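As stored in structure-v8.csv (CSV, C-alpha atoms):
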chain,number,residue,atom,x,y,z
A,1,MET,CA,67.9,-10.7,14.5
A,2,ARG,CA,67.1,-8.4,11.5
A,3,LYS,CA,69.9,-10.0,9.5
A,4,LEU,CA,68.5,-13.5,10.3
A,5,LYS,CA,65.1,-12.4,9.1
A,6,ILE,CA,66.6,-11.1,5.8
A,7,ILE,CA,68.5,-14.3,5.2
A,8,GLY,CA,65.4,-16.3,6.0
A,9,SER,CA,63.3,-14.4,3.5
A,10,ALA,CA,65.9,-14.7,0.8
A,11,LEU,CA,66.1,-18.5,1.5
A,12,LEU,CA,62.3,-18.9,1.3
A,13,PHE,CA,62.2,-17.0,-2.0
A,14,TRP,CA,65.0,-19.2,-3.4
A,15,LEU,CA,63.2,-22.4,-2.3
A,16,CYS,CA,59.9,-21.2,-3.9
A,17,CYS,CA,61.7,-20.5,-7.2
A,18,THR,CA,63.5,-23.8,-7.1
A,19,GLN,CA,60.3,-25.8,-6.4
A,20,SER,CA,58.6,-24.0,-9.3
A,21,LEU,CA,61.3,-24.9,-11.7
A,22,LEU,CA,61.5,-28.5,-10.5
A,23,ALA,CA,57.7,-28.8,-11.1
A,24,ALA,CA,58.0,-27.5,-14.6
A,25,THR,CA,58.2,-29.8,-17.6
A,26,VAL,CA,60.6,-29.1,-20.5
A,27,LEU,CA,58.2,-28.8,-23.5
A,28,GLU,CA,61.0,-28.0,-26.0
A,29,GLN,CA,64.8,-27.6,-25.9
A,30,HIS,CA,67.1,-26.5,-28.6
A,31,GLN,CA,70.7,-25.3,-29.0
A,32,TYR,CA,72.0,-22.5,-31.2
A,33,THR,CA,75.3,-21.1,-32.2
A,34,ARG,CA,75.7,-17.3,-32.1
A,35,THR,CA,78.4,-15.8,-34.3
A,36,PHE,CA,79.6,-12.1,-34.2
A,37,GLY,CA,82.7,-11.6,-36.3
A,38,THR,CA,85.3,-14.1,-35.0
A,39,GLU,CA,83.4,-14.7,-31.7
A,40,THR,CA,81.1,-17.7,-31.3
A,41,ALA,CA,79.0,-18.8,-28.4
A,42,THR,CA,76.5,-21.5,-27.6
A,43,MET,CA,73.0,-20.5,-26.7
A,44,ARG,CA,70.7,-23.0,-24.9
A,45,TRP,CA,67.0,-22.6,-25.2
A,46,GLN,CA,64.2,-24.2,-23.2
A,47,ARG,CA,60.4,-23.9,-23.1
A,48,LEU,CA,59.0,-24.8,-19.7
A,49,SER,CA,55.4,-25.7,-18.8
A,50,GLY,CA,53.6,-23.8,-16.1
A,51,ASP,CA,51.2,-20.9,-15.6
A,52,PRO,CA,52.6,-18.9,-17.1
A,53,GLU,CA,54.9,-20.8,-19.5
A,54,GLN,CA,58.6,-19.7,-19.6
A,55,ILE,CA,61.4,-19.5,-22.1
A,56,VAL,CA,64.8,-19.9,-20.5
A,57,THR,CA,67.9,-19.1,-22.5
A,58,GLU,CA,71.6,-19.3,-21.5
A,59,ILE,CA,74.5,-17.8,-23.3
A,60,ASN,CA,77.9,-17.3,-21.7
A,61,ALA,CA,77.2,-15.9,-18.1
A,62,GLU,CA,73.8,-14.6,-19.1
A,63,VAL,CA,70.5,-16.3,-18.1
A,64,ASP,CA,67.2,-14.9,-19.4
A,65,ARG,CA,63.7,-15.9,-18.2
A,66,THR,CA,60.7,-14.8,-20.2
A,67,GLU,CA,57.1,-15.4,-19.0
A,68,MET,CA,54.5,-15.5,-21.7
A,69,ASP,CA,50.7,-15.1,-22.0
A,70,VAL,CA,48.5,-17.6,-23.8
A,71,ASN,CA,49.3,-15.9,-27.1
A,72,LEU,CA,53.1,-16.3,-26.5
A,73,ALA,CA,53.6,-12.5,-26.0
A,74,THR,CA,55.9,-11.4,-23.2
A,75,ARG,CA,54.5,-10.7,-19.8
A,76,SER,CA,57.8,-10.3,-18.0
A,77,TRP,CA,61.5,-10.7,-18.7
A,78,ARG,CA,64.4,-11.3,-16.2
A,79,VAL,CA,68.1,-11.1,-17.0
A,80,SER,CA,70.9,-12.4,-14.7
A,81,ASP,CA,74.5,-11.8,-15.7
A,82,GLU,CA,77.1,-11.6,-12.9
A,83,GLU,CA,79.9,-10.7,-15.4
A,84,LYS,CA,78.0,-7.6,-16.5
A,85,LYS,CA,76.7,-6.8,-13.1
A,86,THR,CA,73.1,-7.1,-14.2
A,87,GLN,CA,70.1,-8.4,-12.3
A,88,LEU,CA,67.1,-7.0,-14.2
A,89,LYS,CA,63.4,-7.5,-14.2
A,90,ILE,CA,60.9,-5.9,-16.6
A,91,GLU,CA,57.1,-6.4,-16.2
A,92,ARG,CA,54.2,-5.3,-18.4
A,93,HIS,CA,51.3,-3.6,-16.6
A,94,PHE,CA,48.7,-2.8,-19.3
A,95,ASN,CA,50.4,-0.2,-21.5
A,96,HIS,CA,53.4,0.4,-19.3
A,97,LEU,CA,56.7,-1.4,-18.8
A,98,HIS,CA,58.3,-1.4,-15.3
A,99,LEU,CA,62.1,-1.8,-15.2
A,100,THR,CA,63.7,-2.6,-11.9
A,101,GLY,CA,67.0,-4.0,-10.5
A,102,THR,CA,70.5,-3.3,-11.6
A,103,PHE,CA,71.8,-2.9,-15.1
A,104,ALA,CA,75.6,-2.7,-15.7
A,105,GLY,CA,76.0,-2.1,-12.0
A,106,GLU,CA,73.5,0.8,-11.8
A,107,ALA,CA,70.3,0.6,-9.9
A,108,ILE,CA,67.2,1.3,-12.0
A,109,ASP,CA,63.5,1.8,-11.3
A,110,HIS,CA,61.7,3.2,-14.3
A,111,TRP,CA,58.3,3.2,-15.9
A,112,LYS,CA,58.0,3.4,-19.7
A,113,ASN,CA,54.9,4.0,-21.7
A,114,ILE,CA,53.9,1.8,-24.7
A,115,ASP,CA,50.6,1.1,-26.4
A,116,GLU,CA,48.3,-1.9,-26.9
A,117,ALA,CA,50.7,-3.7,-29.3
A,118,PRO,CA,52.2,-6.9,-28.0
A,119,TRP,CA,55.6,-7.2,-26.4
A,120,PHE,CA,57.8,-9.8,-28.1
A,121,GLN,CA,61.1,-10.1,-26.1
A,122,THR,CA,61.6,-13.7,-27.2
A,123,MET,CA,60.9,-13.5,-30.9
A,124,SER,CA,62.1,-17.1,-31.4
A,125,ILE,CA,58.7,-18.2,-30.2
A,126,SER,CA,56.4,-15.1,-30.0
A,127,PHE,CA,56.0,-15.1,-33.8
A,128,ARG,CA,54.4,-18.5,-33.9
A,129,PRO,CA,50.7,-17.2,-33.8
A,130,PHE,CA,51.6,-14.6,-36.4
A,131,LEU,CA,53.1,-17.4,-38.7
A,132,ASP,CA,49.9,-19.4,-38.3
A,133,SER,CA,47.7,-16.4,-39.2
A,134,SER,CA,46.9,-15.0,-42.6
A,135,ASP,CA,48.3,-11.6,-41.5
A,136,GLU,CA,51.2,-10.3,-43.6
A,137,LYS,CA,52.6,-7.9,-41.0
A,138,ILE,CA,52.5,-7.2,-37.3
A,139,ARG,CA,53.8,-4.4,-35.0
A,140,PHE,CA,55.2,-5.1,-31.6
A,141,TRP,CA,57.4,-3.8,-28.8
A,142,ILE,CA,60.9,-4.9,-28.0
A,143,VAL,CA,63.4,-3.9,-25.3
A,144,ARG,CA,66.9,-3.6,-26.6
A,145,PRO,CA,69.1,-5.8,-24.3
A,146,ASP,CA,72.3,-3.8,-24.5
A,147,THR,CA,70.8,-0.3,-23.9
A,148,LEU,CA,67.3,-1.0,-22.5
A,149,GLY,CA,65.9,1.3,-25.3
A,150,ILE,CA,62.3,0.5,-26.0
A,151,HIS,CA,61.4,0.3,-29.7
A,152,LYS,CA,58.4,-0.5,-31.8
A,153,LEU,CA,59.2,-2.9,-34.7
A,154,LYS,CA,57.3,-4.2,-37.7
A,155,ALA,CA,57.5,-7.8,-38.8
A,156,ILE,CA,56.7,-8.6,-42.5
A,157,LYS,CA,56.3,-12.0,-44.0
A,158,LYS,CA,58.6,-12.4,-47.0
A,159,GLY,CA,57.6,-15.9,-48.4
A,160,ILE,CA,59.2,-19.3,-48.2
A,161,GLU,CA,63.0,-19.8,-48.8
A,162,ILE,CA,65.2,-22.9,-48.9
A,163,LEU,CA,67.9,-22.9,-46.2
A,164,GLU,CA,70.7,-25.4,-46.0
A,165,ILE,CA,71.3,-26.3,-42.4
A,166,GLN,CA,73.3,-29.3,-41.1
A,167,GLY,CA,73.4,-30.6,-44.7
A,168,GLU,CA,69.7,-30.5,-45.1
A,169,GLN,CA,67.5,-28.5,-47.4
A,170,ILE,CA,64.8,-26.9,-45.3
A,171,LYS,CA,61.7,-24.9,-46.3
A,172,ALA,CA,61.6,-21.8,-44.1
A,173,GLN,CA,59.3,-18.8,-43.7
A,174,LYS,CA,61.3,-15.6,-43.9
A,175,ILE,CA,60.3,-12.7,-41.7
A,176,GLU,CA,61.9,-9.2,-42.1
A,177,LEU,CA,62.0,-6.8,-39.2
A,178,ARG,CA,62.0,-3.1,-39.6
A,179,LEU,CA,61.7,-0.1,-37.2
A,180,SER,CA,58.3,1.5,-37.3
A,181,GLY,CA,58.0,5.0,-38.7
A,182,LEU,CA,60.5,7.2,-40.5
A,183,ALA,CA,63.5,5.2,-39.2
A,184,ALA,CA,62.4,2.0,-41.1
A,185,PRO,CA,64.9,2.3,-43.9
A,186,PHE,CA,67.9,2.5,-41.6
A,187,TRP,CA,67.6,-0.8,-39.7
A,188,LYS,CA,66.7,-4.4,-40.8
A,189,ALA,CA,67.0,-7.9,-39.4
A,190,THR,CA,65.8,-11.2,-40.6
A,191,TYR,CA,64.4,-14.4,-39.0
A,192,TRP,CA,63.7,-17.8,-40.6
A,193,PHE,CA,61.3,-20.4,-39.2
A,194,ARG,CA,60.8,-23.9,-40.3
A,195,GLU,CA,57.7,-24.3,-42.4
A,196,GLY,CA,54.9,-26.2,-40.6
A,197,ASP,CA,56.0,-26.2,-36.9
A,198,HIS,CA,57.7,-22.8,-36.9
A,199,LEU,CA,60.9,-23.9,-35.3
A,200,PHE,CA,63.3,-21.0,-35.1
A,201,LEU,CA,66.2,-21.8,-37.5
A,202,ARG,CA,68.3,-18.7,-38.2
A,203,TYR,CA,68.6,-15.0,-37.4
A,204,LEU,CA,70.7,-12.4,-39.3
A,205,GLY,CA,70.9,-8.8,-38.0
A,206,PRO,CA,73.2,-5.8,-37.4
A,207,GLY,CA,75.8,-6.1,-34.7
A,208,GLY,CA,76.4,-2.4,-34.2
A,209,LEU,CA,77.3,0.7,-36.3
A,210,PRO,CA,77.4,0.4,-40.1
A,211,GLY,CA,80.4,-1.6,-41.1
A,212,SER,CA,80.3,-3.8,-38.0
A,213,PRO,CA,80.0,-7.6,-38.4
A,214,LYS,CA,76.6,-9.1,-38.6
A,215,ILE,CA,75.2,-11.2,-35.8
A,216,VAL,CA,74.2,-14.7,-37.0
A,217,VAL,CA,72.3,-17.2,-34.8
A,218,GLU,CA,71.6,-20.7,-36.2
A,219,ILE,CA,70.2,-23.9,-34.8
A,220,SER,CA,72.9,-26.5,-34.0
A,221,SER,CA,70.8,-29.2,-32.2
A,222,PRO,CA,69.3,-32.0,-34.2
A,223,LEU,CA,66.5,-31.0,-36.5
A,224,ASN,CA,64.4,-34.2,-36.3
A,225,GLN,CA,62.3,-32.9,-33.4
A,226,ALA,CA,59.2,-35.1,-33.6
A,227,GLY,CA,58.0,-33.6,-30.4
A,228,LEU,CA,57.3,-30.3,-32.1
A,229,ALA,CA,54.9,-31.8,-34.6
A,230,ALA,CA,53.1,-33.7,-31.9
A,231,MET,CA,52.7,-30.5,-29.8
A,232,LYS,CA,51.4,-28.6,-32.8
A,233,ASN,CA,48.8,-31.3,-33.4
A,234,GLN,CA,47.7,-31.0,-29.7
A,235,GLY,CA,47.4,-27.2,-30.1
A,236,GLN,CA,50.3,-26.4,-27.7
A,237,LEU,CA,52.5,-24.4,-30.2

Translate this structure into structure tokens?
Amino acid sequence: MRKLKIIGSALLFWLCCTQSLLAATVLEQHQYTRTFGTETATMRWQRLSGDPEQIVTEINAEVDRTEMDVNLATRSWRVSDEEKKTQLKIERHFNHLHLTGTFAGEAIDHWKNIDEAPWFQTMSISFRPFLDSSDEKIRFWIVRPDTLGIHKLKAIKKGIEILEIQGEQIKAQKIELRLSGLAAPFWKATYWFREGDHLFLRYLGPGGLPGSPKIVVEISSPLNQAGLAAMKNQGQL
């Protein structure tokens, strides 16, 4: 009887999640190519309606779900990857992050202290309010996916550059990321977002120790996304 109750509870949870996803509307969807040395992978990216809105990304066996607040900062982040034996959930509770589940096959249940700065786990969208503002820099928290280390980063606007993507010349706002504090000179990554609607175009960052290949992520889906411009006019971006 106890086993049947457990199965019934699990089935109810699955049905609730499924109904929630079926009710959600896809607000945006894009596809990216991730390159690390000679390895390439396709990343699928979706923005789903709801309260809260979600970003769902899929790459190889990994599926990430990020719930956001009205300012597109992260409220919670879930990672599912059967190949890496990971079923992880991280939630923000005021100035604390609660990490639960399994990571690389090990059970975890930790609390980590942060401060009032926002948490941007999905920087591909969380930077949009910053890009719309007159601010030149912003500090935020990030959880490193491969170690679960929690770091405070600083994002700095570096002006407009011209990128060539899919044979097109595109004006893009460049953002440089640095670690906060004394470690700032030892780590750097760069994002580029299309001018106007802030569509994430390209990422370039370290892939490991000095001398390791860089990680490059670049949009591969069509760039003529009229829906983004319409959403921006309606105040949804």

**OP:** Within 12 Å of segment 48-61 of chain A, counting all atoms listed in the file, which residues show up once you throw out same-chain ones fewer than 2 positions away? Write them as a VMD selection string, please.
**Re:** chain A and resid 19 to 35 39 to 46 63 to 87 120 to 126 217 236 to 237

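Between atom CA of Glu91 of chain A and atom CA of Phe200 of chain A the interatomic distance comes to 24.7 Å.
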
Among A:Leu99, A:Ile156, A:Ile170, A:Ile142, Phe193 of chain A is approached most closely, using only C-alpha atoms, by A:Ile170

note - atom CA of Leu88 of chain A and atom CA of Phe36 of chain A are separated by 24.1 Å

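Taking atom CA of Val216 of chain A as the reference point, atom CA of Gly181 of chain A is found at 25.6 Å.
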
Using the structure block above, produce a file of segment 28-116 of chain A that contains C-alpha atoms, as a compact mmCIF listing (two decimals), in the first residue's frame.
# COMPACT_ATOMS: atom_id res chain seq x y z
CA GLU A 28 10.53 32.96 -28.11
CA GLN A 29 12.58 30.06 -29.40
CA HIS A 30 16.09 30.05 -30.79
CA GLN A 31 18.80 27.55 -31.62
CA TYR A 32 22.52 27.91 -30.93
CA THR A 33 25.70 26.01 -31.75
CA ARG A 34 28.15 25.44 -28.91
CA THR A 35 31.78 24.79 -29.86
CA PHE A 36 34.54 23.63 -27.52
CA GLY A 37 37.71 22.67 -29.37
CA THR A 38 36.66 20.06 -31.94
CA GLU A 39 33.36 19.30 -30.15
CA THR A 40 30.11 20.89 -31.29
CA ALA A 41 26.60 20.59 -29.89
CA THR A 42 23.21 22.11 -30.61
CA MET A 43 21.46 24.07 -27.86
CA ARG A 44 17.71 24.67 -28.04
CA TRP A 45 16.38 27.70 -26.15
CA GLN A 46 12.75 28.52 -25.34
CA ARG A 47 11.04 31.26 -23.37
CA LEU A 48 7.69 30.11 -21.98
CA SER A 49 4.83 32.21 -20.68
CA GLY A 50 3.45 31.74 -17.19
CA ASP A 51 3.71 33.04 -13.66
CA PRO A 52 6.62 32.84 -13.39
CA GLU A 53 8.03 32.81 -16.91
CA GLN A 54 10.56 30.07 -17.69
CA ILE A 55 13.59 29.60 -19.89
CA VAL A 56 14.08 25.99 -21.02
CA THR A 57 17.36 24.98 -22.66
CA GLU A 58 18.38 21.57 -23.99
CA ILE A 59 21.91 20.52 -24.95
CA ASN A 60 22.90 16.86 -25.33
CA ALA A 61 21.23 15.01 -22.42
CA GLU A 62 20.92 18.10 -20.23
CA VAL A 63 17.68 20.03 -19.75
CA ASP A 64 17.71 23.27 -17.73
CA ARG A 65 14.63 25.13 -16.48
CA THR A 66 15.02 28.64 -15.11
CA GLU A 67 12.16 30.48 -13.43
CA MET A 68 12.44 34.29 -13.54
CA ASP A 69 10.97 37.26 -11.70
CA VAL A 70 9.45 40.29 -13.45
CA ASN A 71 12.95 41.76 -13.92
CA LEU A 72 14.19 38.55 -15.63
CA ALA A 73 16.45 37.70 -12.68
CA THR A 74 16.57 34.04 -11.63
CA ARG A 75 14.21 32.73 -8.94
CA SER A 76 15.00 29.03 -9.34
CA TRP A 77 17.07 26.78 -11.58
CA ARG A 78 16.58 23.06 -12.26
CA VAL A 79 19.01 20.77 -14.07
CA SER A 80 18.23 17.27 -15.32
CA ASP A 81 20.99 15.19 -16.91
CA GLU A 82 20.71 11.40 -16.69
CA GLU A 83 24.12 10.85 -18.29
CA LYS A 84 25.81 12.90 -15.55
CA LYS A 85 23.52 11.52 -12.83
CA THR A 86 22.28 14.99 -11.98
CA GLN A 87 18.79 16.02 -10.82
CA LEU A 88 19.36 19.41 -9.22
CA LYS A 89 17.19 22.26 -7.97
CA ILE A 90 18.42 25.62 -6.68
CA GLU A 91 16.01 28.19 -5.25
CA ARG A 92 16.57 31.72 -4.01
CA HIS A 93 15.17 32.62 -0.59
CA PHE A 94 15.97 36.29 0.01
CA ASN A 95 19.78 36.40 0.33
CA HIS A 96 20.28 32.63 0.39
CA LEU A 97 20.45 29.89 -2.24
CA HIS A 98 19.11 26.43 -1.38
CA LEU A 99 20.71 23.59 -3.38
CA THR A 100 18.96 20.19 -3.29
CA GLY A 101 18.90 16.95 -5.26
CA THR A 102 21.75 14.96 -6.77
CA PHE A 103 24.84 16.30 -8.51
CA ALA A 104 27.16 13.88 -10.32
CA GLY A 105 25.50 11.03 -8.41
CA GLU A 106 25.92 12.60 -4.95
CA ALA A 107 23.01 13.77 -2.81
CA ILE A 108 23.22 17.42 -1.77
CA ASP A 109 21.23 19.71 0.51
CA HIS A 110 23.10 22.97 1.10
CA TRP A 111 22.36 26.59 1.91
CA LYS A 112 24.68 29.28 0.54
CA ASN A 113 24.71 32.94 1.55
CA ILE A 114 24.65 35.70 -1.07
CA ASP A 115 23.70 39.39 -0.88
CA GLU A 116 20.97 41.55 -2.41
